[in-house]
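For reference, the structure is listed below as structure tokens.
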Amino acid sequence: MSGPLLIRGSVSVPEAELLWRFSRSSGPGGQHVNTSDSRVELRFDLAATESLPPVWKQRALERLAGRLTADGVLTVTASEHRSQWRNRETAAVRLAALLAEASAPPPKPRRATRIPRGINERRLREKKQRSDTKRGRNGRDWG
């Protein structure tokens, strides 16, 4: 993983703002798993960053409040793969997706619309027909 981490559009986080930590991972790997640091922990100081636009940063801080540490650091871990390189790529992709989703603008509010009378009447008519069909299956009339 080299170079800036692209978030959305032309906004990216420089490599200097990302802090990588490596440790031994549980899971597959045989004897090799005890000697290699394949688990990746990627930390990004969201509260102190200057690389995100202020509006995006504020949205992300609000939406990711539950995932941030006390000092505003966002942590992503990856240990699915046996190689450290693939875990680094996975962690970077996760962080980018998390920041892109958290900094996205809120959806436009839904405009309330009325259901046309004809559609409602047709729905009720079809419900009545279905009810009559099911009532007709009743075995009481069979002699």
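Each chain in the structure tokens gets a letter, A, B and so on, in the order shown; residues start at 1 in every chain, and ligands are counted from 1 in the order they appear.
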
Apply DSSP to the structure's backbone, then extract all residues of chain A labelled alpha helix (DSSP H) and return them as an MDAnalysis selection string.
chainID A and resid 54:63 84:103 117:136

Can you list every residue of region 40-60 of chain A that has an atom at most 7 Å from region 12-22 of chain A, with its nearest atom pair and the distance in Å to one decimal, using only C-alpha atoms, ordered by chain then number, as CSV?
residue,atom,partner,partner_atom,distance
A:Val40,CA,A:Phe22,CA,4.8
A:Glu41,CA,A:Arg21,CA,5.0
A:Leu42,CA,A:Trp20,CA,4.8
A:Arg43,CA,A:Leu19,CA,5.0
A:Phe44,CA,A:Leu18,CA,5.2
A:Ser51,CA,A:Val13,CA,5.8

Which one of A:Lys57, A:Arg137, A:Arg111, A:Arg123 sits closest to Asp45 (chain A) if you count only C-alpha atoms?
A:Lys57

Can you tell me which residues surround Ala48 (chain A) at a distance of at most 12 Å, considering only C-alpha atoms, apart from same-chain residues fewer than 5 positions away, and format the answer as a list in words?
Glu17, Leu18, Pro54, Lys57, Gln58, Leu61, Asp71, Gly72, Val73 and Leu74 of chain A

Near Ser79 (chain A), counting only C-alpha atoms, which residues have an atom at most 9 Å away, once you skip same-chain residues fewer than 5 positions from it, shown as a PyMOL selection string?
chain A and resi 25-27+38-41+84+87+90-91

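The interatomic distance for the pair CA of Asp37 (chain A) and CA of Thr49 (chain A) works out to 27.8 Å.
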
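Interatomic distance, CA of Asp132 (chain A) against CA of Arg117 (chain A): 22.7 Å.
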
As a PyMOL selection string, which residues of chain A does DSSP assign to strand (DSSP E or B)?
chain A and resi 5-8+11-13+18-23+39-45+68+73-78

Could those residues be written to a file, using C-alpha atoms, as a compact mmCIF listing (two decimals), in the first residue's frame?
# COMPACT_ATOMS: atom_id res chain seq x y z
CA LEU A 5 -5.67 6.62 0.06
CA LEU A 6 -8.43 7.76 -2.32
CA ILE A 7 -11.74 8.40 -0.51
CA ARG A 8 -14.15 9.83 -3.06
CA VAL A 11 -10.28 13.75 -1.96
CA SER A 12 -7.57 11.49 -0.57
CA VAL A 13 -5.73 10.87 2.68
CA LEU A 18 -1.95 6.63 8.24
CA LEU A 19 -0.36 4.68 11.08
CA TRP A 20 0.22 0.95 10.47
CA ARG A 21 0.76 -1.64 13.21
CA PHE A 22 1.45 -5.33 12.68
CA SER A 23 1.02 -8.27 15.00
CA ARG A 39 -2.39 -9.06 11.23
CA VAL A 40 -2.73 -5.40 10.25
CA GLU A 41 -4.10 -2.52 12.30
CA LEU A 42 -4.58 0.74 10.43
CA ARG A 43 -5.11 3.88 12.49
CA PHE A 44 -6.26 7.25 11.15
CA ASP A 45 -6.57 10.38 13.31
CA LEU A 68 -13.62 6.38 17.39
CA VAL A 73 -8.69 8.01 16.11
CA LEU A 74 -10.39 5.53 13.77
CA THR A 75 -8.97 1.98 13.82
CA VAL A 76 -9.48 -0.73 11.19
CA THR A 77 -8.03 -4.24 11.50
CA ALA A 78 -7.60 -7.02 8.97
